[in-house]
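Colleague: Got a structure here, written out as structure tokens. Questions coming.
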Amino acid sequence: MVIIWNLYLRAKEAGFEYIQPKSILPVFKLEEFSLIHDLPSSVFYQEIQTAKAFLPKMLEMNHGHIVTVASSLGLFSTAGVEDYCASKFGAIGFHESLSHELKASDKDGIKMTLVCPYLVDTGMFRGCRIRKEFEPFLPPLKPEYCVKEAMRAILTDQPMICTPRLMYTVTFMKSIMPWEAVVCMYRFLGADKCMYPFIAERKQALNNNEAKNEI
């Protein structure tokens, strides 16, 4: 989550201390409900803590812009990366719920933007591959392109941006199609096992490191 706010002009007034909100995001022991291992260090947990720190003053001033950088894997999932998908689904759910609460509270001065890119060429999921016939149409995205699209969405107060636009179609089809049809679509695209090459590379790298340590 990114908080965009005029901190330079408001720093003295807002301060940087941790303030619990009174009318939004009630305090609770999140760990008690956790199904995610090591939740306090997860992206989802940090998103909630960031919102708790900034929201009180933003609500008071009715000003600011909250940007949640999630992933297309928070809109639809695949095999082998359950923990990653869970954190992204959680981030998107939190973002959407907070958006509704701000609207219900008539806080129209606080803008919300959700950023959901496809696979970005950062090396994080190196080896991830869909069916080779479709790879030219869905190559990994350049980081610069993702930043440009995200900034365009933020500057125009766009509630959500998916890159590339094909991700909107995939999300829509997943919402209206029966589960078995979604599975067939995944298999046709090669998306059902797209993470398997990445996982194999990671395991090989770990095995190589362990072998080096034993020498």
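Ligands are numbered from 1 in the order shown, residues from 1 within each chain, and chains are lettered A, B, ... in the order they appear in the structure tokens.
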Hey, could you make a per-residue contact list for range 41-71 of chain A against range 115-120 of chain A with 7 Å as the cut-off, showing the nearest pair of atoms and its distance in Å to one decimal, counting only C-alpha atoms, sorted by chain and number, as a Markdown table?
Modeller:
| residue | atom | partner | partner_atom | distance |
| --- | --- | --- | --- | --- |
| A:Thr68 | CA | A:Val115 | CA | 6.1 |
| A:Val69 | CA | A:Val115 | CA | 4.8 |
| A:Ala70 | CA | A:Cys116 | CA | 5.2 |
| A:Ser71 | CA | A:Cys116 | CA | 4.1 |
Colleague: Keeping N, CA, C and O atoms, export the residues of the selection given above as a CSV table (one decimal), in the first residue's frame.
Modeller:
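Saved result, part-v6.csv, follows:
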chain,number,residue,atom,x,y,z
A,68,THR,N,-3.2,0.7,-3.5
A,68,THR,CA,-2.8,-0.7,-3.2
A,68,THR,C,-2.2,-1.4,-4.4
A,68,THR,O,-2.9,-1.5,-5.4
A,69,VAL,N,-0.9,-1.7,-4.3
A,69,VAL,CA,-0.2,-2.4,-5.4
A,69,VAL,C,-0.4,-3.9,-5.2
A,69,VAL,O,0.3,-4.4,-4.3
A,70,ALA,N,-1.3,-4.5,-5.9
A,70,ALA,CA,-1.5,-6.0,-5.7
A,70,ALA,C,-1.0,-6.7,-6.9
A,70,ALA,O,0.2,-6.6,-7.2
A,71,SER,N,-1.8,-7.6,-7.5
A,71,SER,CA,-1.3,-8.4,-8.6
A,71,SER,C,-2.5,-9.0,-9.2
A,71,SER,O,-3.6,-9.1,-8.6
Colleague: Determine which residues of range 31-118 of chain A DSSP labels as strand (DSSP E or B) from the backbone of this structure, then write them out as a ChimeraX atom specification.
Modeller: /A:64-69,110-117
Colleague: Nearest to Lys57 in chain A among A:Cys184, A:Ser97, A:Ile110, A:Cys128, with distances taken over only C-alpha atoms: which residue is it?
Modeller: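 Ranking A:Cys184, A:Ser97, A:Ile110, A:Cys128 by distance to Lys57 in chain A, first place goes to A:Ile110.
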Colleague: Skipping near chain neighbours, those fewer than 3 positions away, what residues fall within 10 Å of range 168-182 of chain A using only C-alpha atoms, listed as a list of chain:residue names?
Modeller: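 My list of contacting residues is A:Ser72, A:Leu75, A:Phe76, A:Cys116, A:Ile161, A:Cys162, A:Thr163, A:Pro164, A:Arg165, A:Met185, A:Tyr186, A:Arg187, A:Phe188, A:Asp192.
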Colleague: Counting only C-alpha atoms, what is within 10 Å of Leu59 in chain A, bar same-chain residues fewer than 3 positions away, as a list in words?
Modeller: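 With the cut-off at 10 Å, the set is Pro21, Ser23, Ile24, Phe54, Leu55, Pro56, Asn62, His63, Gly64, Leu102, Ser105, Lys107, Asp108, Gly109 and Ile110 of chain A.
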Colleague: What would the file look like if the residues just selected were written as a PDB file, in the first residue's frame with N, CA, C and O atoms?
Modeller:
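This is the output file result21.pdb:
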ATOM      1  N   PRO A  21      -7.390   4.653  14.685  1.00  0.00           N
ATOM      2  CA  PRO A  21      -8.623   5.288  14.238  1.00  0.00           C
ATOM      3  C   PRO A  21      -9.771   4.997  15.191  1.00  0.00           C
ATOM      4  O   PRO A  21      -9.789   3.970  15.850  1.00  0.00           O
ATOM      5  N   SER A  23     -13.341   5.667  14.218  1.00  0.00           N
ATOM      6  CA  SER A  23     -14.585   5.308  13.550  1.00  0.00           C
ATOM      7  C   SER A  23     -14.393   4.321  12.416  1.00  0.00           C
ATOM      8  O   SER A  23     -15.351   3.954  11.755  1.00  0.00           O
ATOM      9  N   ILE A  24     -13.149   3.903  12.189  1.00  0.00           N
ATOM     10  CA  ILE A  24     -12.883   3.017  11.067  1.00  0.00           C
ATOM     11  C   ILE A  24     -11.757   2.067  11.443  1.00  0.00           C
ATOM     12  O   ILE A  24     -10.905   2.400  12.276  1.00  0.00           O
ATOM     13  N   PHE A  54      -2.251   6.094   8.984  1.00  0.00           N
ATOM     14  CA  PHE A  54      -2.515   7.318   8.238  1.00  0.00           C
ATOM     15  C   PHE A  54      -3.977   7.732   8.201  1.00  0.00           C
ATOM     16  O   PHE A  54      -4.293   8.913   8.055  1.00  0.00           O
ATOM     17  N   LEU A  55      -4.894   6.786   8.282  1.00  0.00           N
ATOM     18  CA  LEU A  55      -6.303   7.084   8.054  1.00  0.00           C
ATOM     19  C   LEU A  55      -6.921   8.116   8.999  1.00  0.00           C
ATOM     20  O   LEU A  55      -7.713   8.944   8.551  1.00  0.00           O
ATOM     21  N   PRO A  56      -6.604   8.107  10.284  1.00  0.00           N
ATOM     22  CA  PRO A  56      -7.266   9.069  11.168  1.00  0.00           C
ATOM     23  C   PRO A  56      -7.135  10.511  10.698  1.00  0.00           C
ATOM     24  O   PRO A  56      -8.119  11.252  10.635  1.00  0.00           O
ATOM     25  N   ASN A  62     -10.227  14.824   5.190  1.00  0.00           N
ATOM     26  CA  ASN A  62     -10.909  14.384   3.976  1.00  0.00           C
ATOM     27  C   ASN A  62     -10.020  14.616   2.756  1.00  0.00           C
ATOM     28  O   ASN A  62     -10.422  15.211   1.752  1.00  0.00           O
ATOM     29  N   HIS A  63      -8.813  14.109   2.855  1.00  0.00           N
ATOM     30  CA  HIS A  63      -7.825  14.366   1.807  1.00  0.00           C
ATOM     31  C   HIS A  63      -6.805  13.228   1.767  1.00  0.00           C
ATOM     32  O   HIS A  63      -6.446  12.668   2.800  1.00  0.00           O
ATOM     33  N   GLY A  64      -6.349  12.881   0.549  1.00  0.00           N
ATOM     34  CA  GLY A  64      -5.311  11.871   0.392  1.00  0.00           C
ATOM     35  C   GLY A  64      -5.658  10.879  -0.696  1.00  0.00           C
ATOM     36  O   GLY A  64      -6.732  10.928  -1.299  1.00  0.00           O
ATOM     37  N   LEU A 102     -15.234   4.211   2.978  1.00  0.00           N
ATOM     38  CA  LEU A 102     -14.993   5.635   2.739  1.00  0.00           C
ATOM     39  C   LEU A 102     -16.161   6.266   1.989  1.00  0.00           C
ATOM     40  O   LEU A 102     -16.560   7.394   2.276  1.00  0.00           O
ATOM     41  N   SER A 105     -19.030   6.723   4.263  1.00  0.00           N
ATOM     42  CA  SER A 105     -18.780   7.810   5.215  1.00  0.00           C
ATOM     43  C   SER A 105     -18.739   9.171   4.531  1.00  0.00           C
ATOM     44  O   SER A 105     -18.432  10.183   5.184  1.00  0.00           O
ATOM     45  N   LYS A 107     -16.594  10.352   2.487  1.00  0.00           N
ATOM     46  CA  LYS A 107     -15.237  10.912   2.442  1.00  0.00           C
ATOM     47  C   LYS A 107     -14.733  10.886   0.999  1.00  0.00           C
ATOM     48  O   LYS A 107     -13.830  10.143   0.637  1.00  0.00           O
ATOM     49  N   ASP A 108     -15.339  11.717   0.166  1.00  0.00           N
ATOM     50  CA  ASP A 108     -15.016  11.715  -1.255  1.00  0.00           C
ATOM     51  C   ASP A 108     -13.665  12.354  -1.550  1.00  0.00           C
ATOM     52  O   ASP A 108     -13.170  12.250  -2.678  1.00  0.00           O
ATOM     53  N   GLY A 109     -13.065  13.020  -0.571  1.00  0.00           N
ATOM     54  CA  GLY A 109     -11.764  13.643  -0.785  1.00  0.00           C
ATOM     55  C   GLY A 109     -10.613  12.650  -0.719  1.00  0.00           C
ATOM     56  O   GLY A 109      -9.487  12.965  -1.110  1.00  0.00           O
ATOM     57  N   ILE A 110     -10.892  11.432  -0.204  1.00  0.00           N
ATOM     58  CA  ILE A 110      -9.867  10.390  -0.127  1.00  0.00           C
ATOM     59  C   ILE A 110     -10.063   9.448  -1.305  1.00  0.00           C
ATOM     60  O   ILE A 110     -11.075   8.763  -1.405  1.00  0.00           O
TER      61      ILE A 110
END
Colleague: Neighbouring residues of Cys85 in chain A were defined as those with any atom within 7 Å, considering only C-alpha atoms; residues of the same chain fewer than 6 positions away were excluded. Please report them as a ChimeraX atom specification.
Modeller: /A:73-74,77
Colleague: Atoms to include: N, CA and C atoms. Write the selected residues as a PDB file, in the first residue's frame.
Modeller:
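Final file, result.pdb:
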ATOM      1  N   LEU A  73      -2.732 -11.993  -9.660  1.00  0.00           N
ATOM      2  CA  LEU A  73      -2.932 -13.200  -8.856  1.00  0.00           C
ATOM      3  C   LEU A  73      -3.722 -12.926  -7.580  1.00  0.00           C
ATOM      4  N   GLY A  74      -4.187 -11.720  -7.419  1.00  0.00           N
ATOM      5  CA  GLY A  74      -5.149 -11.407  -6.372  1.00  0.00           C
ATOM      6  C   GLY A  74      -6.570 -11.386  -6.917  1.00  0.00           C
ATOM      7  N   SER A  77      -6.237 -17.050  -9.407  1.00  0.00           N
ATOM      8  CA  SER A  77      -5.069 -17.732  -8.833  1.00  0.00           C
ATOM      9  C   SER A  77      -4.524 -18.785  -9.781  1.00  0.00           C
TER      10      SER A  77
END
Colleague: What does the distance from CA of His95 in chain A to CA of Ala51 in chain A come to in Å, to one decimal?
Modeller: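 Interatomic distance here is 9.9 Å.
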Colleague: Which one is closest to Ala91 in chain A: A:Arg131, A:Ala205, A:Gln46, A:Met58? Count only C-alpha atoms.
Modeller: A:Gln46
